[in-house]
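*Asks:* Structure file entry27.cif, mmCIF, C-alpha atoms and all ligand atoms, is pasted below:
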```cif
data_query
#
loop_
_atom_site.label_atom_id
_atom_site.label_comp_id
_atom_site.auth_asym_id
_atom_site.auth_seq_id
_atom_site.Cartn_x
_atom_site.Cartn_y
_atom_site.Cartn_z
CA MET A 930 -0.27 13.34 7.44
CA ILE A 931 3.27 12.37 6.61
CA GLU A 932 4.44 9.00 5.40
CA PHE A 933 7.99 8.51 6.59
CA PHE A 934 10.35 5.99 5.02
CA GLY A 935 13.28 5.17 7.27
CA GLY A 936 15.28 2.51 9.00
CA SER A 937 17.86 2.07 11.72
CA ALA A 938 20.42 4.73 10.76
CA PRO A 939 21.45 8.30 11.66
CA ASN A 940 19.92 10.03 8.60
CA PRO A 941 16.37 8.78 9.27
CA LEU A 942 16.79 9.80 12.93
CA LYS A 943 17.23 13.46 11.88
CA VAL A 944 13.76 13.47 10.30
CA LEU A 945 12.13 11.61 13.19
CA ILE A 946 13.55 14.24 15.55
CA ALA A 947 12.13 17.06 13.40
CA MET A 948 8.70 15.42 13.15
CA GLU A 949 8.61 14.86 16.91
CA GLU A 950 9.81 18.41 17.66
CA LEU A 951 7.09 19.78 15.36
CA LYS A 952 4.49 17.38 16.86
CA LEU A 953 3.46 16.14 13.41
CA SER A 954 1.30 13.10 12.69
CA TYR A 955 3.19 10.53 10.70
CA ILE A 956 3.18 6.90 9.69
CA SER A 957 6.62 5.32 9.87
CA HIS A 958 7.71 2.62 7.41
CA ASN A 959 10.91 0.72 8.18
CA LEU A 960 12.47 -0.22 4.84
CA ASP A 961 14.51 -3.35 4.47
CA ILE A 962 17.56 -1.73 2.87
CA ILE A 963 19.34 -5.00 2.28
CA ASN A 964 16.61 -6.78 0.32
CA GLY A 965 15.85 -4.31 -2.45
CA ALA A 966 13.17 -2.14 -0.79
CA LEU A 967 14.99 1.03 -1.89
CA LYS A 968 15.17 -0.05 -5.53
CA THR A 969 11.47 -0.60 -6.28
CA PRO A 970 9.88 1.72 -8.89
CA ASP A 971 7.45 3.02 -6.24
CA TYR A 972 10.27 3.99 -3.89
CA LEU A 973 12.43 5.43 -6.69
CA ALA A 974 9.53 7.78 -7.49
CA ILE A 975 9.88 9.10 -3.92
CA ASN A 976 13.68 9.04 -3.69
CA PRO A 977 15.51 8.82 -7.04
CA ASN A 978 18.75 8.20 -5.12
CA SER A 979 17.32 5.05 -3.45
CA LYS A 980 18.34 5.90 0.10
CA ILE A 981 16.56 6.47 3.39
CA PRO A 982 15.07 8.74 4.66
CA ALA A 983 12.28 10.10 2.47
CA ILE A 984 8.78 11.39 3.12
CA VAL A 985 5.50 11.92 1.35
CA ASP A 986 3.56 14.81 2.84
CA SER A 987 -0.11 14.41 1.91
CA GLU A 988 -0.47 18.20 2.03
CA GLY A 989 2.32 19.64 -0.08
CA PRO A 990 2.65 23.37 -0.84
CA ASP A 991 -0.02 23.14 -3.57
CA GLY A 992 -2.29 20.94 -1.45
CA LYS A 993 -1.19 17.82 -3.35
CA PRO A 994 1.04 15.01 -2.01
CA MET A 995 4.68 16.05 -1.86
CA PRO A 996 7.47 13.44 -2.04
CA LEU A 997 10.81 14.62 -0.69
CA ALA A 998 14.21 13.02 -0.14
CA GLU A 999 17.57 14.14 1.31
CA SER A 1000 17.42 14.56 5.06
CA GLY A 1001 18.60 18.19 4.97
CA ALA A 1002 15.93 19.18 2.45
CA ILE A 1003 13.26 17.35 4.47
CA LEU A 1004 14.27 19.17 7.66
CA TRP A 1005 14.21 22.54 5.93
CA TYR A 1006 10.85 21.80 4.28
CA LEU A 1007 9.14 20.69 7.50
CA ALA A 1008 10.59 23.51 9.61
CA GLU A 1009 9.72 26.17 7.05
CA LYS A 1010 6.22 24.78 6.54
CA HIS A 1011 5.50 24.84 10.26
CA GLY A 1012 7.41 28.05 11.04
CA GLN A 1013 9.76 26.67 13.69
CA PHE A 1014 13.45 25.79 14.10
CA ILE A 1015 14.59 28.15 11.32
CA PRO A 1016 15.23 31.59 12.83
CA ALA A 1017 13.39 34.60 11.42
CA ASP A 1018 16.46 36.82 11.78
CA LEU A 1019 18.21 36.62 8.40
CA ARG A 1020 21.74 36.38 9.79
CA ASP A 1021 20.75 33.43 11.99
CA ARG A 1022 18.67 31.93 9.17
CA TYR A 1023 21.63 31.81 6.77
CA ALA A 1024 23.88 30.55 9.57
CA THR A 1025 21.35 27.73 10.02
CA LEU A 1026 21.57 26.95 6.30
CA GLN A 1027 25.39 27.06 6.49
CA TRP A 1028 25.57 24.56 9.36
CA LEU A 1029 22.92 22.35 7.77
CA MET A 1030 24.98 22.26 4.55
CA PHE A 1031 28.09 21.56 6.61
CA GLN A 1032 26.38 18.54 8.11
CA MET A 1033 25.21 17.26 4.74
CA SER A 1034 28.49 17.81 2.90
CA ALA A 1035 31.05 17.06 5.64
CA ILE A 1036 29.80 15.38 8.83
CA GLY A 1037 27.45 12.94 7.08
CA PRO A 1038 29.73 11.71 4.27
CA MET A 1039 33.00 11.76 6.25
CA PHE A 1040 31.56 9.99 9.29
CA GLY A 1041 30.00 7.47 6.88
CA GLN A 1042 33.38 6.77 5.29
CA TYR A 1043 34.96 6.55 8.76
CA VAL A 1044 32.48 3.82 9.73
CA TYR A 1045 33.10 2.04 6.43
CA PHE A 1046 36.89 1.98 6.67
CA THR A 1047 37.09 1.23 10.41
CA ARG A 1048 34.28 -1.36 10.67
CA ARG A 1049 33.06 -2.60 7.30
CA VAL A 1050 36.28 -3.51 5.48
CA GLU A 1051 39.70 -4.79 6.45
CA ASN A 1052 43.27 -3.98 5.48
CA GLN A 1053 42.66 -0.49 4.14
CA PRO A 1054 45.01 1.54 6.39
CA HIS A 1055 45.03 4.57 4.11
CA GLY A 1056 41.22 4.82 4.32
CA VAL A 1057 41.31 4.42 8.11
CA GLU A 1058 43.96 7.13 8.41
CA ARG A 1059 42.29 9.55 6.03
CA TYR A 1060 38.79 9.36 7.55
CA THR A 1061 39.93 9.19 11.17
CA THR A 1062 41.91 12.38 10.59
CA GLU A 1063 38.98 14.02 8.84
CA VAL A 1064 36.53 13.05 11.62
CA LEU A 1065 38.90 14.50 14.24
CA ARG A 1066 39.22 17.70 12.20
CA LEU A 1067 35.42 17.97 12.06
CA TYR A 1068 35.18 17.40 15.84
CA ASP A 1069 37.53 20.37 16.26
CA VAL A 1070 35.41 22.55 13.95
CA ILE A 1071 32.27 21.79 15.95
CA GLU A 1072 34.00 22.10 19.32
CA ARG A 1073 35.27 25.57 18.37
CA ARG A 1074 31.85 26.62 17.08
CA LEU A 1075 30.06 25.43 20.22
CA GLY A 1076 32.59 27.36 22.29
CA GLU A 1077 31.22 30.57 20.82
CA SER A 1078 27.53 29.72 20.39
CA ARG A 1079 25.03 27.71 22.47
CA PHE A 1080 23.78 25.87 19.37
CA LEU A 1081 25.43 25.43 16.00
CA ALA A 1082 23.84 28.29 14.08
CA CYS A 1083 23.00 30.71 16.89
CA ASP A 1084 21.60 30.70 20.44
CA GLU A 1085 18.45 28.93 19.24
CA TYR A 1086 18.06 25.20 18.65
CA THR A 1087 17.57 24.80 14.87
CA VAL A 1088 17.35 22.18 12.13
CA ALA A 1089 21.16 22.35 11.89
CA ASP A 1090 21.39 20.85 15.40
CA MET A 1091 18.77 18.20 14.58
CA ALA A 1092 20.80 17.23 11.50
CA THR A 1093 24.17 17.10 13.25
CA PHE A 1094 23.19 15.43 16.53
CA PRO A 1095 22.65 11.82 15.27
CA ALA A 1096 26.09 11.21 13.76
CA MET A 1097 27.91 13.06 16.57
CA ARG A 1098 26.03 11.09 19.20
CA TYR A 1099 25.85 7.62 17.68
CA VAL A 1100 28.93 7.16 15.48
CA LYS A 1101 31.37 5.86 18.07
CA VAL A 1102 34.82 7.20 17.31
CA THR A 1103 37.12 4.65 18.89
CA GLY A 1104 39.59 6.08 21.41
CA LEU A 1105 38.20 9.62 21.34
CA ASP A 1106 39.44 11.69 24.29
CA TRP A 1107 36.17 13.32 25.38
CA SER A 1108 37.95 15.69 27.78
CA LYS A 1109 39.00 17.64 24.66
CA TYR A 1110 35.38 18.26 23.70
CA PRO A 1111 33.52 19.87 26.63
CA ASN A 1112 31.35 22.03 24.38
CA ILE A 1113 30.28 19.10 22.21
CA THR A 1114 29.52 17.10 25.37
CA ARG A 1115 27.37 19.91 26.75
CA TRP A 1116 25.50 20.29 23.44
CA LEU A 1117 24.95 16.52 22.96
CA ASP A 1118 23.64 16.13 26.53
CA GLU A 1119 21.24 19.04 26.12
CA ILE A 1120 19.82 17.72 22.84
CA ALA A 1121 19.66 14.09 24.01
CA ALA A 1122 17.50 15.18 26.98
CA ARG A 1123 14.85 16.88 24.82
CA PRO A 1124 11.54 14.95 25.08
CA ALA A 1125 11.13 14.98 21.27
CA VAL A 1126 14.58 13.48 20.79
CA ILE A 1127 13.84 10.78 23.38
CA ARG A 1128 10.59 9.95 21.54
CA ALA A 1129 12.35 9.88 18.17
CA ARG A 1130 14.93 7.43 19.53
CA GLU A 1131 12.11 5.22 20.80
CA VAL A 1132 10.41 5.23 17.37
CA LEU A 1133 13.68 4.49 15.60
CA GLY A 1134 14.39 1.58 17.93
CA HIS A 1135 17.66 -0.27 17.69
CA LEU A 1136 20.58 1.83 16.45
CA ASP A 1137 24.07 0.60 17.08
CA LEU A 1138 26.56 1.26 14.35
CA ASP A 1139 29.18 -0.81 16.18
CA ASP A 1140 27.11 -3.96 16.16
CA LYS A 1141 28.16 -7.01 14.27
CA ILE A 1142 25.19 -6.74 11.92
CA ASP A 1143 23.98 -10.09 10.74
CA PHE A 1144 24.40 -9.65 6.96
CA THR A 1145 25.96 -12.27 4.73
CA PRO A 1146 29.15 -11.32 2.84
CA ASP A 1147 27.03 -11.04 -0.31
CA GLN A 1148 24.56 -8.67 1.40
CA TRP A 1149 27.44 -6.45 2.55
CA ASP A 1150 28.82 -6.41 -1.00
CA ARG A 1151 25.39 -5.47 -2.35
CA LEU A 1152 24.93 -2.71 0.23
CA PHE A 1153 28.28 -1.16 -0.63
CA ASN A 1154 28.24 -1.92 -4.36
CA ARG A 1155 31.49 -3.85 -4.18
CA GLY A 1156 32.72 -7.29 -5.26
CA LYS A 1157 30.43 -8.58 -8.00
CA TYR A 1158 28.27 -5.43 -7.65
CA SER A 1159 31.16 -3.06 -8.38
CA ARG A 1160 31.03 -1.12 -11.65
CA ALA A 1161 34.63 0.07 -11.58
CA ASP A 1162 35.62 -2.07 -14.58
CA GLU A 1163 33.07 -0.23 -16.76
CA LEU A 1164 35.54 2.63 -16.92
CA SER A 1165 38.59 0.66 -18.00
CA ALA A 1166 37.88 1.24 -21.73
CA GLU A 1167 37.91 4.99 -21.19
CA THR A 1168 41.48 5.11 -19.91
CA GLU A 1169 42.92 4.63 -23.42
N1 LIG B 1201 22.39 12.44 1.74
C1 LIG B 1201 21.39 11.45 2.10
C2 LIG B 1201 22.11 10.21 2.59
C3 LIG B 1201 21.13 9.08 2.86
C4 LIG B 1201 21.84 7.78 3.19
O1 LIG B 1201 23.04 7.57 2.86
N2 LIG B 1201 21.11 6.87 3.82
C5 LIG B 1201 21.66 5.58 4.16
C6 LIG B 1201 21.26 5.24 5.59
S1 LIG B 1201 21.88 6.44 6.74
C7 LIG B 1201 21.08 4.53 3.24
O2 LIG B 1201 20.01 4.70 2.70
N3 LIG B 1201 21.81 3.41 3.06
C8 LIG B 1201 21.34 2.31 2.28
C9 LIG B 1201 21.97 2.21 0.92
O3 LIG B 1201 22.91 2.97 0.63
O4 LIG B 1201 21.54 1.35 0.14
C10 LIG B 1201 20.47 12.03 3.18
O5 LIG B 1201 20.98 12.80 4.00
O6 LIG B 1201 19.27 11.74 3.19
#
```
Go ahead and render the structure in this file as structure tokens.
*Replies:*
Amino acid sequence: MIEFFGGSAPNPLKVLIAMEELKLSYISHNLDIINGALKTPDYLAINPNSKIPAIVDSEGPDGKPMPLAESGAILWYLAEKHGQFIPADLRDRYATLQWLMFQMSAIGPMFGQYVYFTRRVENQPHGVERYTTEVLRLYDVIERRLGESRFLACDEYTVADMATFPAMRYVKVTGLDWSKYPNITRWLDEIAARPAVIRAREVLGHLDLDDKIDFTPDQWDRLFNRGKYSRADELSAETE
């Protein structure tokens, strides 16, 4: 049995998709990210980085409970444990790792910053320009890749696709000309139609990154560690 700690966001959706694809039994906990649920000692023991998602697998590799954080690591762990969605062929296996790392290091963080600068803060044109350009560059990388391969890593659906689908599908890039991305469209439609992905979306429930989320200004500041939660002034002494 897996205990899953998530909430309404693209990173938890990756893990829900994997658990549904693998037909695992799990209990899902929705954590209240805005009111300190990620900062409790119990949760920090599961995810030292105090983010969602995380899991505790009651049957870890040594038979004991296994806590694990970082969506990419969780996907790899579950897929490897259950022998699916990571190809056996070594070339395809390392390609899967490559595209999973690409999601974790590029798509995830850059799309996150894009959402921040376009929707969560005002009057930061340099941030809007930088992350819009980067998101478009990443769209081009994926479009090219999906022009030569049915799925990201190879012709099989892998954990790299499960990791990359949520941000590509649900982060709305304003003004995007979809006619430039026929391969991404084909790939998104195929993944979105998978029964496991439909189930995962139902479990996740509401997910709309464009919504006017009902947080107070102080809650936004706390979420993004800004305003009175910023630590930038701690470094001022070191500039001398
Ligand atoms: N690299 C991490 C990123 C996790 C992450 O940033 N999660 C967001 C939700 S998508 C979160 O926990 N936000 C709440 C916060 O930062 O306090 C992963 O892939 O698991």
*Asks:* Please, which residues have at least one atom within 7 Å of an atom of ligand LIG 1201 (chain B), using all atoms listed in the file, listed as a VMD selection string?
*Replies:* chain A and resid 938 to 941 962 967 979 to 982 998 to 1001 1033 1152 to 1153
*Asks:* Dig up all the protein and nucleic acid residues within 12 Å of (4.6, 15.8, -1.2) in the file frame, using all atoms listed in the file, and format them as a ChimeraX atom specification.
*Replies:* /A:930-933,974-976,983-998,1003,1006-1007,1010
*Asks:* In Å, how far is it from atom CA of Lys1101 of chain A to atom CA of Pro1146 of chain A?
*Replies:*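 Separation of atom CA of Lys1101 of chain A and atom CA of Pro1146 of chain A: 23.1 Å.
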*Asks:* Counting only C-alpha atoms, which residue out of A:Tyr972, A:Asp1084, A:Ile946, A:His958 sits closest to Ala1121 of chain A?
*Replies:* A:Ile946
*Asks:* Take every atom of segment 941-949 of chain A listed in the file, fit an axis-aligned box around them, add 8 Å per side, and give the centre and edge lengths in Å to one decimal as lines of an AutoDock Vina configuration file.
*Replies:*
```
center_x = 12.9
center_y = 12.9
center_z = 13.1
size_x = 24.6
size_y = 24.3
size_z = 23.6
```
*Asks:* Just how far from atom CA of Arg1059 of chain A is atom CA of Glu1163 of chain A, in Å to one decimal?
*Replies:*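 Atom-to-atom, atom CA of Glu1163 of chain A to atom CA of Arg1059 of chain A, that is 26.5 Å.
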*Asks:* How far is it from atom CA of Trp1005 of chain A to atom CA of Met948 of chain A, in Å with one decimal?
*Replies:* 11.5 Å
*Asks:* So, with all atoms listed in the file as the atoms that count, which of A:Gly935, A:Leu951, A:Asp1106, A:Ser1159 lies closest to Gly1012 of chain A?
*Replies:*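 Selected residue with least distance to Gly1012 of chain A: A:Leu951.
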*Asks:* Find the residues near Ile1120 of chain A: any atom within 12 Å, counting all atoms listed in the file, skip ones fewer than 5 places away on the same chain, and give them as a PyMOL selection string.
*Replies:* chain A and resi 946+950+1079-1081+1085-1095+1097-1098+1113-1115+1125-1127+1129-1130
*Asks:* Include C-alpha atoms and write out the residues we just selected as a short mmCIF file (atom, residue, chain, number, x, y, z; two decimals), in the coordinates of the input.
*Replies:*
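The result, stored in again_36.cif:
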```cif
data_model
loop_
_atom_site.label_atom_id
_atom_site.label_comp_id
_atom_site.auth_asym_id
_atom_site.auth_seq_id
_atom_site.Cartn_x
_atom_site.Cartn_y
_atom_site.Cartn_z
CA ILE A 946 13.55 14.24 15.55
CA GLU A 950 9.81 18.41 17.66
CA ARG A 1079 25.03 27.71 22.47
CA PHE A 1080 23.78 25.87 19.37
CA LEU A 1081 25.43 25.43 16.00
CA GLU A 1085 18.45 28.93 19.24
CA TYR A 1086 18.06 25.20 18.65
CA THR A 1087 17.57 24.80 14.87
CA VAL A 1088 17.35 22.18 12.13
CA ALA A 1089 21.16 22.35 11.89
CA ASP A 1090 21.39 20.85 15.40
CA MET A 1091 18.77 18.20 14.58
CA ALA A 1092 20.80 17.23 11.50
CA THR A 1093 24.17 17.10 13.25
CA PHE A 1094 23.19 15.43 16.53
CA PRO A 1095 22.65 11.82 15.27
CA MET A 1097 27.91 13.06 16.57
CA ARG A 1098 26.03 11.09 19.20
CA ILE A 1113 30.28 19.10 22.21
CA THR A 1114 29.52 17.10 25.37
CA ARG A 1115 27.37 19.91 26.75
CA ALA A 1125 11.13 14.98 21.27
CA VAL A 1126 14.58 13.48 20.79
CA ILE A 1127 13.84 10.78 23.38
CA ALA A 1129 12.35 9.88 18.17
CA ARG A 1130 14.93 7.43 19.53
#
```
*Asks:* Just checking: using only C-alpha atoms, which residue out of A:Arg1022, A:Trp1028, A:Tyr1158, A:Val1070 ends up closest to Glu1009 of chain A?
*Replies:*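 Closest candidate: A:Arg1022.
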*Asks:* Hey, which of A:Leu953, A:Leu1105, A:Leu1138, A:Ile963 ends up closest to Val1044 of chain A? Count only C-alpha atoms.
*Replies:*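 Looking at the shortest contact to Val1044 of chain A, the residue is A:Leu1138.
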*Asks:* Which one of A:Asn1154, A:Ala1008, A:Asn978, A:Ala1035 sits closest to Val944 of chain A if you count all atoms listed in the file?
*Replies:*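 Under the stated criterion, the closest residue is A:Ala1008.
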*Asks:* Which residue gives the smallest distance to Gly1041 of chain A among A:Asp1069, A:Tyr1099, A:Tyr1110, A:Leu1019, with all atoms listed in the file counted?
*Replies:*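 When distances to Gly1041 of chain A are compared using all atoms listed in the file, the smallest one comes from A:Tyr1099.
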*Asks:* Write out as an mmCIF file with C-alpha atoms, keeping the file's coordinate frame the residues lying within 8 Å of Ala1096 of chain A, counting all atoms listed in the file and excluding same-chain residues fewer than 4 positions away.
*Replies:*
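Saved to result29.cif:
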```
data_model
loop_
_atom_site.group_PDB
_atom_site.id
_atom_site.type_symbol
_atom_site.label_atom_id
_atom_site.label_comp_id
_atom_site.auth_asym_id
_atom_site.auth_seq_id
_atom_site.Cartn_x
_atom_site.Cartn_y
_atom_site.Cartn_z
ATOM 1 C CA PRO A 939 21.450 8.300 11.660
ATOM 2 C CA ILE A 1036 29.800 15.380 8.830
ATOM 3 C CA GLY A 1037 27.450 12.940 7.080
ATOM 4 C CA PHE A 1040 31.560 9.990 9.290
ATOM 5 C CA VAL A 1100 28.930 7.160 15.480
#
```
*Asks:* Can you sort out segment 1036-1047 of chain A so it carries N, CA and C atoms, written as a compact mmCIF listing (two decimals), in the coordinates of the input?
*Replies:*
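The result, stored in selection_30.txt:
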```txt
# COMPACT_ATOMS: atom_id res chain seq x y z
N ILE A 1036 30.01 16.35 7.73
CA ILE A 1036 29.80 15.38 8.83
C ILE A 1036 29.21 14.07 8.29
N GLY A 1037 28.12 14.16 7.55
CA GLY A 1037 27.45 12.94 7.08
C GLY A 1037 28.37 12.06 6.25
N PRO A 1038 28.89 12.56 5.12
CA PRO A 1038 29.73 11.71 4.27
C PRO A 1038 31.04 11.26 4.94
N MET A 1039 31.70 12.15 5.66
CA MET A 1039 33.00 11.76 6.25
C MET A 1039 32.82 10.76 7.39
N PHE A 1040 31.81 10.97 8.22
CA PHE A 1040 31.56 9.99 9.29
C PHE A 1040 31.15 8.64 8.67
N GLY A 1041 30.40 8.71 7.58
CA GLY A 1041 30.00 7.47 6.88
C GLY A 1041 31.22 6.71 6.39
N GLN A 1042 32.16 7.43 5.78
CA GLN A 1042 33.38 6.77 5.29
C GLN A 1042 34.23 6.26 6.46
N TYR A 1043 34.22 7.00 7.56
CA TYR A 1043 34.96 6.55 8.76
C TYR A 1043 34.42 5.20 9.22
N VAL A 1044 33.08 5.10 9.30
CA VAL A 1044 32.48 3.82 9.73
C VAL A 1044 32.85 2.73 8.73
N TYR A 1045 32.79 3.06 7.45
CA TYR A 1045 33.10 2.04 6.43
C TYR A 1045 34.53 1.52 6.60
N PHE A 1046 35.49 2.43 6.66
CA PHE A 1046 36.89 1.98 6.67
C PHE A 1046 37.32 1.39 8.01
N THR A 1047 36.67 1.79 9.12
CA THR A 1047 37.09 1.23 10.41
C THR A 1047 36.31 -0.03 10.77
```
